[in-house]
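Okay, input.tsv is below, TSV, C-alpha atoms:
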chain	number	residue	atom	x	y	z
A	12	MET	CA	0.00	0.00	0.00
A	13	LYS	CA	1.38	3.41	-0.93
A	14	GLU	CA	-0.14	5.65	1.69
A	15	GLN	CA	2.31	8.07	3.14
A	16	ASN	CA	2.75	8.23	6.88
A	17	ILE	CA	3.79	11.78	7.61
A	18	THR	CA	4.65	11.44	11.26
A	19	THR	CA	4.11	9.06	14.12
A	20	ASP	CA	5.14	10.09	17.57
A	21	GLU	CA	2.97	8.67	20.32
A	22	THR	CA	5.22	9.94	23.10
A	23	SER	CA	5.00	13.56	22.04
A	24	GLN	CA	1.29	13.35	21.29
A	25	GLY	CA	1.95	13.70	17.59
A	26	VAL	CA	-0.75	12.96	15.07
A	27	GLN	CA	-0.30	10.44	12.28
A	28	LEU	CA	-1.76	11.34	8.89
A	29	ASP	CA	-2.50	8.48	6.52
A	30	LEU	CA	-2.63	9.92	3.01
A	31	LEU	CA	-4.13	7.50	0.54
A	32	SER	CA	-3.54	8.23	-3.14
A	33	ALA	CA	-6.29	8.07	-5.74
A	34	ALA	CA	-4.34	5.39	-7.60
A	35	GLU	CA	-4.22	3.21	-4.50
A	36	ILE	CA	-7.87	3.79	-3.72
A	37	ASP	CA	-8.77	2.60	-7.20
A	38	THR	CA	-7.18	-0.77	-6.49
A	39	MET	CA	-9.17	-1.37	-3.30
A	40	THR	CA	-12.56	-2.95	-2.87
A	41	THR	CA	-15.26	-1.14	-0.91
A	42	MET	CA	-14.70	-3.24	2.20
A	43	GLU	CA	-10.92	-2.82	1.95
A	44	LYS	CA	-11.37	0.95	1.92
A	45	ILE	CA	-13.78	0.85	4.85
A	46	ARG	CA	-11.56	-1.50	6.83
A	47	PHE	CA	-8.51	0.66	6.19
A	48	ILE	CA	-10.34	3.82	7.26
A	49	ILE	CA	-11.84	2.40	10.44
A	50	ASP	CA	-8.67	0.58	11.52
A	51	SER	CA	-6.64	3.72	10.96
A	52	VAL	CA	-9.13	5.97	12.78
A	53	ARG	CA	-9.35	3.51	15.67
A	54	ASP	CA	-5.56	3.87	15.94
A	55	HIS	CA	-6.20	7.60	16.41
A	56	ASN	CA	-4.87	8.50	12.97
A	57	ILE	CA	-6.28	10.99	10.49
A	58	VAL	CA	-7.06	9.54	7.07
A	59	ILE	CA	-6.92	11.74	4.01
A	60	LEU	CA	-8.27	10.25	0.81
A	61	GLU	CA	-7.08	11.97	-2.34
A	62	GLN	CA	-10.23	10.69	-3.99
A	63	GLY	CA	-13.21	10.27	-1.70
A	64	LEU	CA	-15.69	7.47	-1.38
A	65	THR	CA	-18.71	6.92	-3.56
A	66	PRO	CA	-22.12	7.61	-1.96
A	67	ASP	CA	-22.73	3.88	-1.64
A	68	GLU	CA	-19.38	3.41	0.07
A	69	GLU	CA	-20.12	6.32	2.40
A	70	SER	CA	-23.38	4.73	3.47
A	71	LYS	CA	-21.60	1.43	4.16
A	72	LEU	CA	-18.87	3.27	6.06
A	73	VAL	CA	-21.51	4.80	8.33
A	74	GLU	CA	-23.18	1.41	8.79
A	75	VAL	CA	-19.91	-0.35	9.69
A	76	THR	CA	-18.84	2.55	11.91
A	77	MET	CA	-22.08	2.25	13.88
A	78	SER	CA	-21.50	-1.47	14.40
A	79	GLU	CA	-18.01	-0.84	15.83
A	80	ILE	CA	-18.83	1.92	18.30
A	81	ASP	CA	-18.29	0.82	21.87
A	82	PRO	CA	-18.59	2.63	25.21
A	83	ASP	CA	-15.33	4.03	26.56
A	84	GLY	CA	-13.66	3.14	23.27
A	85	PHE	CA	-14.42	4.05	19.70
A	86	SER	CA	-17.16	6.69	19.46
A	87	GLY	CA	-17.31	7.03	15.70
A	88	ILE	CA	-15.83	9.14	12.94
A	89	GLU	CA	-15.76	12.73	11.83
A	90	ILE	CA	-15.78	12.95	8.05
A	91	GLU	CA	-15.49	15.97	5.81
A	92	SER	CA	-15.15	16.38	2.09
A	93	TYR	CA	-15.46	19.23	-0.33
A	94	PRO	CA	-18.94	19.78	-1.70
A	95	THR	CA	-19.38	18.15	-5.07
A	96	PRO	CA	-21.06	19.69	-8.11
A	97	GLN	CA	-24.78	19.22	-7.76
A	98	SER	CA	-26.59	16.97	-10.15
A	99	GLN	CA	-28.60	19.85	-11.55
A	100	SER	CA	-25.50	21.46	-12.93
A	101	LYS	CA	-24.63	18.46	-15.07
A	102	GLY	CA	-25.37	18.58	-18.73
A	103	LEU	CA	-28.09	16.48	-20.31
A	104	MET	CA	-25.60	14.27	-22.16
A	105	SER	CA	-23.73	13.63	-18.94
A	106	LYS	CA	-26.94	12.50	-17.27
A	107	ILE	CA	-27.88	10.28	-20.18
A	108	SER	CA	-24.38	8.82	-20.33
A	109	SER	CA	-24.49	8.14	-16.61
A	110	SER	CA	-27.94	6.56	-16.71
A	111	LEU	CA	-26.83	4.29	-19.54
A	112	GLY	CA	-23.76	3.20	-17.63
A	113	GLY	CA	-21.45	5.30	-19.73
A	114	GLY	CA	-19.68	6.76	-16.74
A	115	ASN	CA	-19.21	6.34	-13.06
A	116	ASP	CA	-20.97	9.41	-11.76
A	117	SER	CA	-20.26	8.72	-8.14
A	118	GLN	CA	-16.56	8.27	-8.67
A	119	GLU	CA	-16.33	11.39	-10.80
A	120	GLU	CA	-17.90	13.38	-8.00
A	121	ALA	CA	-15.75	11.98	-5.22
A	122	SER	CA	-13.42	14.59	-3.81
A	123	LEU	CA	-10.65	14.86	-1.22
A	124	THR	CA	-11.95	13.58	2.09
A	125	VAL	CA	-10.69	13.87	5.65
A	126	ILE	CA	-11.72	11.26	8.23
A	127	GLY	CA	-10.69	11.10	11.86
A	128	PRO	CA	-11.73	9.94	15.32
A	129	ALA	CA	-14.92	11.74	16.36
A	130	ASP	CA	-13.55	12.66	19.76
A	131	GLU	CA	-10.26	14.03	18.46
A	132	ILE	CA	-11.09	15.96	15.32
A	133	GLU	CA	-13.44	18.87	14.89
A	134	THR	CA	-14.32	20.75	11.75
A	135	ILE	CA	-14.25	24.44	12.46
A	136	HIS	CA	-14.92	25.71	8.94
A	137	LYS	CA	-15.85	24.27	5.60
A	138	ASP	CA	-16.70	25.79	2.25
A	139	GLU	CA	-16.25	24.92	-1.42
A	140	SER	CA	-12.49	25.32	-1.31
A	141	LEU	CA	-11.34	25.12	2.30
A	142	ILE	CA	-11.71	22.63	5.15
A	143	GLN	CA	-10.33	23.79	8.48
A	144	THR	CA	-9.97	21.07	11.07
A	145	LEU	CA	-8.89	21.14	14.66
A	146	VAL	CA	-7.14	18.00	15.89
A	147	GLN	CA	-6.75	17.40	19.61
A	148	ARG	CA	-4.92	14.29	20.71
A	149	LYS	CA	-6.60	12.62	23.71
B	24	MET	CA	-34.63	15.42	-9.64
B	25	SER	CA	-32.57	12.97	-11.65
B	26	LEU	CA	-33.27	12.35	-15.29
B	27	VAL	CA	-34.33	8.76	-14.63
B	28	THR	CA	-36.69	9.75	-11.83
B	29	GLY	CA	-38.11	12.55	-13.95
B	30	LEU	CA	-38.76	10.22	-16.84
B	31	LYS	CA	-40.38	7.68	-14.55
B	32	GLN	CA	-42.74	10.31	-13.17
B	33	ARG	CA	-43.50	11.79	-16.58
B	34	PHE	CA	-44.43	8.43	-18.00
B	35	SER	CA	-45.91	6.93	-14.84
B	36	GLY	CA	-49.27	6.60	-16.57
B	37	TRP	CA	-47.66	4.38	-19.19
B	38	PHE	CA	-46.16	2.14	-16.55
B	39	ASP	CA	-49.65	1.73	-15.05
B	40	LEU	CA	-50.77	0.09	-18.29
B	41	PHE	CA	-48.23	-2.68	-17.96
B	42	GLY	CA	-49.00	-4.20	-14.62
B	43	ASP	CA	-49.69	-3.57	-10.99
B	44	GLU	CA	-46.36	-2.04	-10.03
B	45	ASP	CA	-48.15	0.85	-8.34
B	46	ASP	CA	-50.56	-1.36	-6.39
B	47	GLU	CA	-48.00	-1.95	-3.68
B	48	PRO	CA	-47.51	0.86	-1.14
B	49	LYS	CA	-44.26	2.70	-1.70
B	50	ASN	CA	-41.76	2.74	1.13
B	51	ILE	CA	-41.19	6.40	1.88
B	52	GLY	CA	-38.41	6.93	4.38
B	53	ILE	CA	-38.35	9.99	6.61
B	54	TYR	CA	-34.66	10.74	6.92
B	55	GLY	CA	-32.51	13.51	8.32
B	56	PRO	CA	-30.18	14.40	11.16
B	57	PRO	CA	-31.31	13.99	14.80
B	58	ASN	CA	-33.79	16.44	16.33
B	59	THR	CA	-35.20	17.85	13.11
B	60	GLY	CA	-38.79	16.74	13.81
B	61	LYS	CA	-38.97	13.49	11.85
B	62	THR	CA	-41.08	11.66	14.41
B	63	THR	CA	-43.32	14.68	14.91
B	64	LEU	CA	-43.90	14.76	11.15
B	65	ALA	CA	-44.50	11.00	11.01
B	66	ASN	CA	-47.03	11.23	13.84
B	67	ARG	CA	-48.80	14.16	12.20
B	68	ILE	CA	-49.13	12.19	8.95
B	69	ILE	CA	-50.54	9.23	10.87
B	70	ASP	CA	-52.89	11.45	12.90
B	71	ASP	CA	-54.14	13.35	9.85
B	72	TRP	CA	-54.68	10.40	7.53
B	73	THR	CA	-55.73	7.49	9.70
B	74	ASP	CA	-58.59	8.88	11.79
B	75	ASP	CA	-61.05	6.32	10.48
B	76	GLY	CA	-58.55	3.56	11.16
B	77	ASP	CA	-59.25	1.91	7.80
B	78	SER	CA	-55.99	2.68	6.12
B	79	VAL	CA	-53.52	2.20	8.92
B	80	GLU	CA	-51.51	-0.94	9.49
B	81	THR	CA	-49.41	-0.57	12.56
B	82	GLU	CA	-47.07	-3.37	13.46
B	83	SER	CA	-48.22	-3.26	17.06
B	84	GLN	CA	-50.07	-1.01	19.43
B	85	ASP	CA	-46.94	-0.82	21.53
B	86	GLU	CA	-45.05	0.74	18.63
B	87	SER	CA	-47.80	3.28	18.13
B	88	ASP	CA	-47.64	4.18	21.79
B	89	GLU	CA	-43.87	4.49	21.58
B	90	SER	CA	-44.20	6.75	18.59
B	91	GLU	CA	-46.62	9.05	20.40
B	92	GLU	CA	-44.38	9.02	23.39
B	93	ALA	CA	-41.43	9.92	21.22
B	94	GLU	CA	-43.35	12.89	19.84
B	95	ASP	CA	-44.17	14.08	23.31
B	96	ASP	CA	-40.58	13.67	24.35
B	97	SER	CA	-39.29	15.45	21.28
B	98	PHE	CA	-41.04	18.63	22.24
B	99	GLY	CA	-41.53	18.19	25.94
B	100	GLY	CA	-39.08	18.06	28.79
B	101	ALA	CA	-36.68	15.77	26.95
B	102	SER	CA	-37.05	17.55	23.67
B	103	HIS	CA	-33.38	18.13	22.99
B	104	ILE	CA	-32.10	14.66	23.77
B	105	PRO	CA	-30.84	13.23	20.49
B	106	HIS	CA	-31.77	9.77	19.27
B	107	GLU	CA	-35.24	9.72	20.78
B	108	THR	CA	-36.15	7.44	17.89
B	109	ARG	CA	-33.80	4.48	17.90
B	110	ARG	CA	-35.72	1.98	15.80
B	111	ALA	CA	-37.19	2.51	12.36
B	112	GLU	CA	-40.98	2.27	12.47
B	113	ARG	CA	-43.23	1.63	9.51
B	114	LYS	CA	-46.92	2.46	9.16
B	115	THR	CA	-49.19	2.45	6.14
B	116	VAL	CA	-51.24	5.52	5.26
B	117	THR	CA	-53.33	6.61	2.30
B	118	ILE	CA	-53.04	10.27	1.41
B	119	GLU	CA	-55.69	11.82	-0.85
B	120	LYS	CA	-54.99	15.30	-2.07
B	121	ASN	CA	-56.08	17.29	-5.13
B	122	GLY	CA	-57.66	14.22	-6.70
B	123	LYS	CA	-54.54	12.14	-6.22
B	124	GLU	CA	-54.49	9.16	-3.91
B	125	VAL	CA	-51.28	7.52	-2.83
B	126	GLU	CA	-50.75	4.63	-0.43
B	127	LEU	CA	-47.47	4.88	1.40
B	128	ASP	CA	-45.54	2.89	3.94
B	129	VAL	CA	-44.14	5.74	5.98
B	130	VAL	CA	-40.87	4.75	7.63
B	131	ASP	CA	-39.76	6.96	10.52
B	132	THR	CA	-36.01	6.51	10.92
B	133	PRO	CA	-33.50	7.45	13.61
B	134	GLY	CA	-31.47	10.59	12.97
B	135	VAL	CA	-28.36	9.78	10.98
B	136	VAL	CA	-24.96	10.57	12.48
B	137	THR	CA	-21.40	9.33	12.10
B	138	GLN	CA	-20.65	9.30	15.82
B	139	VAL	CA	-22.44	8.32	19.02
B	140	ASP	CA	-20.92	8.89	22.45
B	141	TYR	CA	-22.82	7.76	25.50
B	142	GLN	CA	-21.26	10.64	27.44
B	143	ASP	CA	-23.52	12.96	25.45
B	144	PHE	CA	-26.56	11.34	27.09
B	145	ILE	CA	-25.07	11.63	30.55
B	146	ASP	CA	-25.17	15.38	29.98
B	147	TYR	CA	-28.96	14.95	30.04
B	148	ASP	CA	-28.88	13.54	33.58
B	149	MET	CA	-28.96	9.88	32.60
B	150	GLU	CA	-27.23	7.18	34.59
B	151	LYS	CA	-24.28	5.56	32.81
B	152	ASP	CA	-26.06	2.24	32.23
B	153	GLU	CA	-29.04	3.96	30.66
B	154	ALA	CA	-26.79	6.19	28.56
B	155	VAL	CA	-24.73	3.23	27.31
B	156	GLU	CA	-27.89	1.29	26.44
B	157	ARG	CA	-29.34	4.29	24.65
B	158	SER	CA	-26.16	4.79	22.62
B	159	ARG	CA	-26.08	1.10	21.72
B	160	GLU	CA	-29.67	1.26	20.48
B	161	ALA	CA	-28.91	4.46	18.61
B	162	THR	CA	-25.98	2.92	16.72
B	163	GLU	CA	-28.09	-0.09	15.75
B	164	GLY	CA	-30.90	2.21	14.61
B	165	VAL	CA	-28.60	4.34	12.44
B	166	ALA	CA	-27.02	1.24	10.88
B	167	GLU	CA	-30.49	-0.12	10.14
B	168	ALA	CA	-31.59	3.18	8.61
B	169	MET	CA	-28.55	3.25	6.32
B	170	HIS	CA	-29.14	-0.34	5.29
B	171	TRP	CA	-32.80	0.36	4.49
B	172	LEU	CA	-31.81	3.38	2.43
B	173	ARG	CA	-29.76	1.13	0.18
B	174	GLU	CA	-32.19	-1.79	0.07
B	175	ASP	CA	-35.82	-0.96	0.86
B	176	ILE	CA	-36.69	2.67	0.32
B	177	ASP	CA	-38.59	3.91	-2.77
B	178	GLY	CA	-38.55	7.60	-1.93
B	179	VAL	CA	-37.40	9.98	0.77
B	180	ILE	CA	-38.81	12.86	2.76
B	181	TYR	CA	-35.67	14.58	4.01
B	182	VAL	CA	-36.44	16.62	7.11
B	183	LEU	CA	-34.23	19.55	8.09
B	184	ASP	CA	-34.44	21.95	11.00
B	185	SER	CA	-34.76	25.30	9.24
B	186	THR	CA	-33.20	27.08	12.20
B	187	LYS	CA	-29.93	25.22	11.68
B	188	ASP	CA	-27.19	25.48	9.06
B	189	PRO	CA	-28.05	22.81	6.47
B	190	PHE	CA	-24.56	22.77	5.02
B	191	THR	CA	-23.30	19.79	7.01
B	192	GLN	CA	-21.44	16.69	5.98
B	193	VAL	CA	-24.28	14.40	7.06
B	194	ASN	CA	-26.76	16.31	4.91
B	195	THR	CA	-24.57	16.45	1.82
B	196	MET	CA	-23.57	12.81	2.30
B	197	LEU	CA	-27.12	11.53	2.78
B	198	LEU	CA	-28.55	13.54	-0.08
B	199	GLY	CA	-25.62	12.34	-2.21
B	200	ILE	CA	-26.52	8.75	-1.37
B	201	ILE	CA	-30.19	9.39	-2.17
B	202	GLU	CA	-29.31	11.07	-5.47
B	203	SER	CA	-26.93	8.30	-6.45
B	204	ARG	CA	-29.74	5.78	-6.04
B	205	ASP	CA	-32.10	7.90	-8.14
B	206	LEU	CA	-34.64	8.03	-5.32
B	207	PRO	CA	-37.24	10.79	-5.50
B	208	VAL	CA	-36.72	13.14	-2.55
B	209	LEU	CA	-38.67	16.01	-1.05
B	210	VAL	CA	-36.77	18.27	1.34
B	211	PHE	CA	-38.95	19.50	4.21
B	212	ALA	CA	-37.75	22.68	5.91
B	213	ASN	CA	-39.30	22.08	9.31
B	214	LYS	CA	-39.79	24.31	12.37
B	215	ILE	CA	-40.83	27.42	10.43
B	216	ASP	CA	-42.82	28.46	13.49
B	217	LEU	CA	-39.54	29.37	15.16
B	218	GLU	CA	-38.20	32.89	14.81
B	219	GLU	CA	-34.73	31.77	13.71
B	220	SER	CA	-36.14	29.73	10.81
B	221	ASN	CA	-34.39	30.39	7.51
B	222	VAL	CA	-35.87	28.37	4.63
B	223	GLN	CA	-33.92	30.30	2.01
B	224	ARG	CA	-30.69	28.94	3.45
B	225	ILE	CA	-31.91	25.39	2.77
B	226	GLU	CA	-33.06	26.29	-0.74
B	227	ASN	CA	-29.64	27.78	-1.44
B	228	ALA	CA	-27.84	24.72	-0.07
B	229	PHE	CA	-29.84	22.19	-2.08
B	230	PRO	CA	-31.16	24.01	-5.17
B	231	GLN	CA	-31.56	20.74	-7.05
B	232	HIS	CA	-34.38	19.61	-4.75
B	233	LYS	CA	-37.94	20.72	-4.12
B	234	VAL	CA	-38.04	22.36	-0.69
B	235	VAL	CA	-41.32	22.48	1.23
B	236	GLU	CA	-41.51	24.64	4.33
B	237	LEU	CA	-43.69	23.58	7.24
B	238	SER	CA	-44.05	23.22	10.97
B	239	ALA	CA	-44.91	19.63	11.74
B	240	LEU	CA	-45.46	20.59	15.37
B	241	GLU	CA	-47.81	23.54	14.82
B	242	GLY	CA	-49.30	22.34	11.55
B	243	ASN	CA	-48.20	25.34	9.49
B	244	ASN	CA	-48.35	24.64	5.75
B	245	VAL	CA	-48.94	20.91	6.19
B	246	ASP	CA	-51.67	20.96	3.53
B	247	GLU	CA	-49.14	21.98	0.91
B	248	ALA	CA	-46.76	19.36	2.25
B	249	TYR	CA	-49.42	16.67	1.76
B	250	SER	CA	-50.14	17.95	-1.76
B	251	GLU	CA	-46.47	17.67	-2.59
B	252	ILE	CA	-46.29	14.15	-1.14
B	253	ALA	CA	-49.31	13.03	-3.19
B	254	GLU	CA	-47.97	14.70	-6.32
B	255	TYR	CA	-44.40	13.56	-5.91
B	256	PHE	CA	-44.81	10.01	-4.72
B	257	GLY	CA	-48.20	9.25	-6.29
Translate this structure into structure tokens?
Amino acid sequence: MKEQNITTDETSQGVQLDLLSAAEIDTMTTMEKIRFIIDSVRDHNIVILEQGLTPDEESKLVEVTMSEIDPDGFSGIEIESYPTPQSQSKGLMSKISSSLGGGNDSQEEASLTVIGPADEIETIHKDESLIQTLVQRK
Amino acid sequence: MSLVTGLKQRFSGWFDLFGDEDDEPKNIGIYGPPNTGKTTLANRIIDDWTDDGDSVETESQDESDESEEAEDDSFGGASHIPHETRRAERKTVTIEKNGKEVELDVVDTPGVVTQVDYQDFIDYDMEKDEAVERSREATEGVAEAMHWLREDIDGVIYVLDSTKDPFTQVNTMLLGIIESRDLPVLVFANKIDLEESNVQRIENAFPQHKVVELSALEGNNVDEAYSEIAEYFG
């Protein structure tokens, strides 16, 4: 796997960022992506996906996350991604192509995504071009 | 509305000619974040359209009682405790409006979140055991709601609190999931009886969807909401 570990320093309360490239994401199955994200977040790391999840994968991520929450342990995830172009702004041919299977709409719309432990990461601002996140190591 | 959904609605009369697809009630899920008034809306729909008792099929009287209790709790002393609804409940109603009649299985779902911490419930004066149990039920309910959205839902009423910023990850994620599945969706801007209500903010956030403003609690504009339901899901 080609994710880049920027820094790991448990003793100094450092925060590990797991950056997963779009190329690597493309090689993974849905459950591999979900497993990687949840395992990483449970290890108190921040996951940054160069190319985000599809809507279907996001719904499964929420479902699996819910099943793994436990008292005094894992309390869930904080997830943020840039807003994607709304479906109304797509052209007619794009919609027709998508509906006929001519393109993977969901994948095209996926954008950079940040995921972290719910009790350690807080989004303080988000707009179309900027995500500001506060990370506090517990 | 997606192209596929639009075409389906435009030519729905043609589909009627080729079988009884529309004879079955459609599963309409009431989705949204916690504390937006989903259960209050679900109870109002049941109250308004099942007075004669002919068109309602509740799974059990106990569930109906729980639903009423949840509504009371949502706007009573425990009104701000999240995850009051922790199990999806399904009831059948027939809505007749403007000459259109539509039979729906209305599914009231728990508020969708990506995190549940039992400590949040302790802040509402719960004992730890009760808080832990409540959080466990909440996580199961959210997982079930997400599963249903992928497998069992034919259309969505997405309920937002119009006093809150709609531009959240949960909202964009859920509406993205709904759009990707080509499900018809009506966005309800609830709580317009409150002074801080800002429906325009919701319309700006989700311009691709029909937004209907209402107060499920006070009954403001519910007639139009029912007309839209009959028109949209009929």
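Of note, atom CA of A:Leu60 and atom CA of B:Val208 are spaced 28.8 Å apart.
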Please identify every residue of chain B that has at least one atom no more than 9 Å from any atom of chain A, counting all atoms listed in the file, and report them as a PyMOL selection string. chain B and resi 24-27+135-142+155+158-159+161-170+172-173+190-193+195-204+229-232
Anything within 7 Å of (-9.2, 21.5, 8.7): list those residues as a PyMOL selection string, counting only C-alpha atoms and sticking to the file's coordinates. chain A and resi 134-135+142-145
Export C-alpha atoms of the chosen residues as an mmCIF file, in the frame of the given file?
data_model
loop_
_atom_site.group_PDB
_atom_site.id
_atom_site.type_symbol
_atom_site.label_atom_id
_atom_site.label_comp_id
_atom_site.auth_asym_id
_atom_site.auth_seq_id
_atom_site.Cartn_x
_atom_site.Cartn_y
_atom_site.Cartn_z
ATOM 1 C CA THR A 134 -14.320 20.750 11.750
ATOM 2 C CA ILE A 135 -14.250 24.440 12.460
ATOM 3 C CA ILE A 142 -11.710 22.630 5.150
ATOM 4 C CA GLN A 143 -10.330 23.790 8.480
ATOM 5 C CA THR A 144 -9.970 21.070 11.070
ATOM 6 C CA LEU A 145 -8.890 21.140 14.660
#
Atom CA of A:His136 and atom CA of B:Gly55, how far apart in Å?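 Spanning atom CA of B:Gly55 to atom CA of A:His136 is a straight-line distance of 21.4 Å.
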Take the point (-49.1, 16.5, -2.5) as written in the file and pick out every residue within 10 Å of it, counting only C-alpha atoms; give the list as a PDB file with C-alpha atoms, keeping the file's coordinate frame.
ATOM      1  CA  ILE B 118     -53.040  10.270   1.410  1.00  0.00           C
ATOM      2  CA  GLU B 119     -55.690  11.820  -0.850  1.00  0.00           C
ATOM      3  CA  LYS B 120     -54.990  15.300  -2.070  1.00  0.00           C
ATOM      4  CA  ASN B 121     -56.080  17.290  -5.130  1.00  0.00           C
ATOM      5  CA  GLY B 122     -57.660  14.220  -6.700  1.00  0.00           C
ATOM      6  CA  LYS B 123     -54.540  12.140  -6.220  1.00  0.00           C
ATOM      7  CA  GLU B 124     -54.490   9.160  -3.910  1.00  0.00           C
ATOM      8  CA  VAL B 125     -51.280   7.520  -2.830  1.00  0.00           C
ATOM      9  CA  VAL B 245     -48.940  20.910   6.190  1.00  0.00           C
ATOM     10  CA  ASP B 246     -51.670  20.960   3.530  1.00  0.00           C
ATOM     11  CA  GLU B 247     -49.140  21.980   0.910  1.00  0.00           C
ATOM     12  CA  ALA B 248     -46.760  19.360   2.250  1.00  0.00           C
ATOM     13  CA  TYR B 249     -49.420  16.670   1.760  1.00  0.00           C
ATOM     14  CA  SER B 250     -50.140  17.950  -1.760  1.00  0.00           C
ATOM     15  CA  GLU B 251     -46.470  17.670  -2.590  1.00  0.00           C
ATOM     16  CA  ILE B 252     -46.290  14.150  -1.140  1.00  0.00           C
ATOM     17  CA  ALA B 253     -49.310  13.030  -3.190  1.00  0.00           C
ATOM     18  CA  GLU B 254     -47.970  14.700  -6.320  1.00  0.00           C
ATOM     19  CA  TYR B 255     -44.400  13.560  -5.910  1.00  0.00           C
ATOM     20  CA  PHE B 256     -44.810  10.010  -4.720  1.00  0.00           C
ATOM     21  CA  GLY B 257     -48.200   9.250  -6.290  1.00  0.00           C
TER      22      GLY B 257
END
How far is it from atom CA of B:Lys61 to atom CA of B:Lys114, in Å with one decimal? 13.9 Å
Would you please work out which residue, of B:Val234, B:Ala111, B:Met149, B:Leu127, is nearest to B:Leu183 when using only C-alpha atoms?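 Among B:Val234, B:Ala111, B:Met149, B:Leu127, it is B:Val234 that comes nearest to B:Leu183.
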Distance query A:Ile48 at most 9 Å, all atoms listed in the file, self and fewer than 6 positions along chain excluded, as a list of chain:residue names: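 Listed by chain and then number, they are A:Ile57, A:Val58, A:Leu72, A:Ile126, A:Gly127.
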Restricting to only C-alpha atoms, whichever of A:Val125, A:Ile49, A:Leu141, A:Val146 is closest to A:Val26 is A:Val146
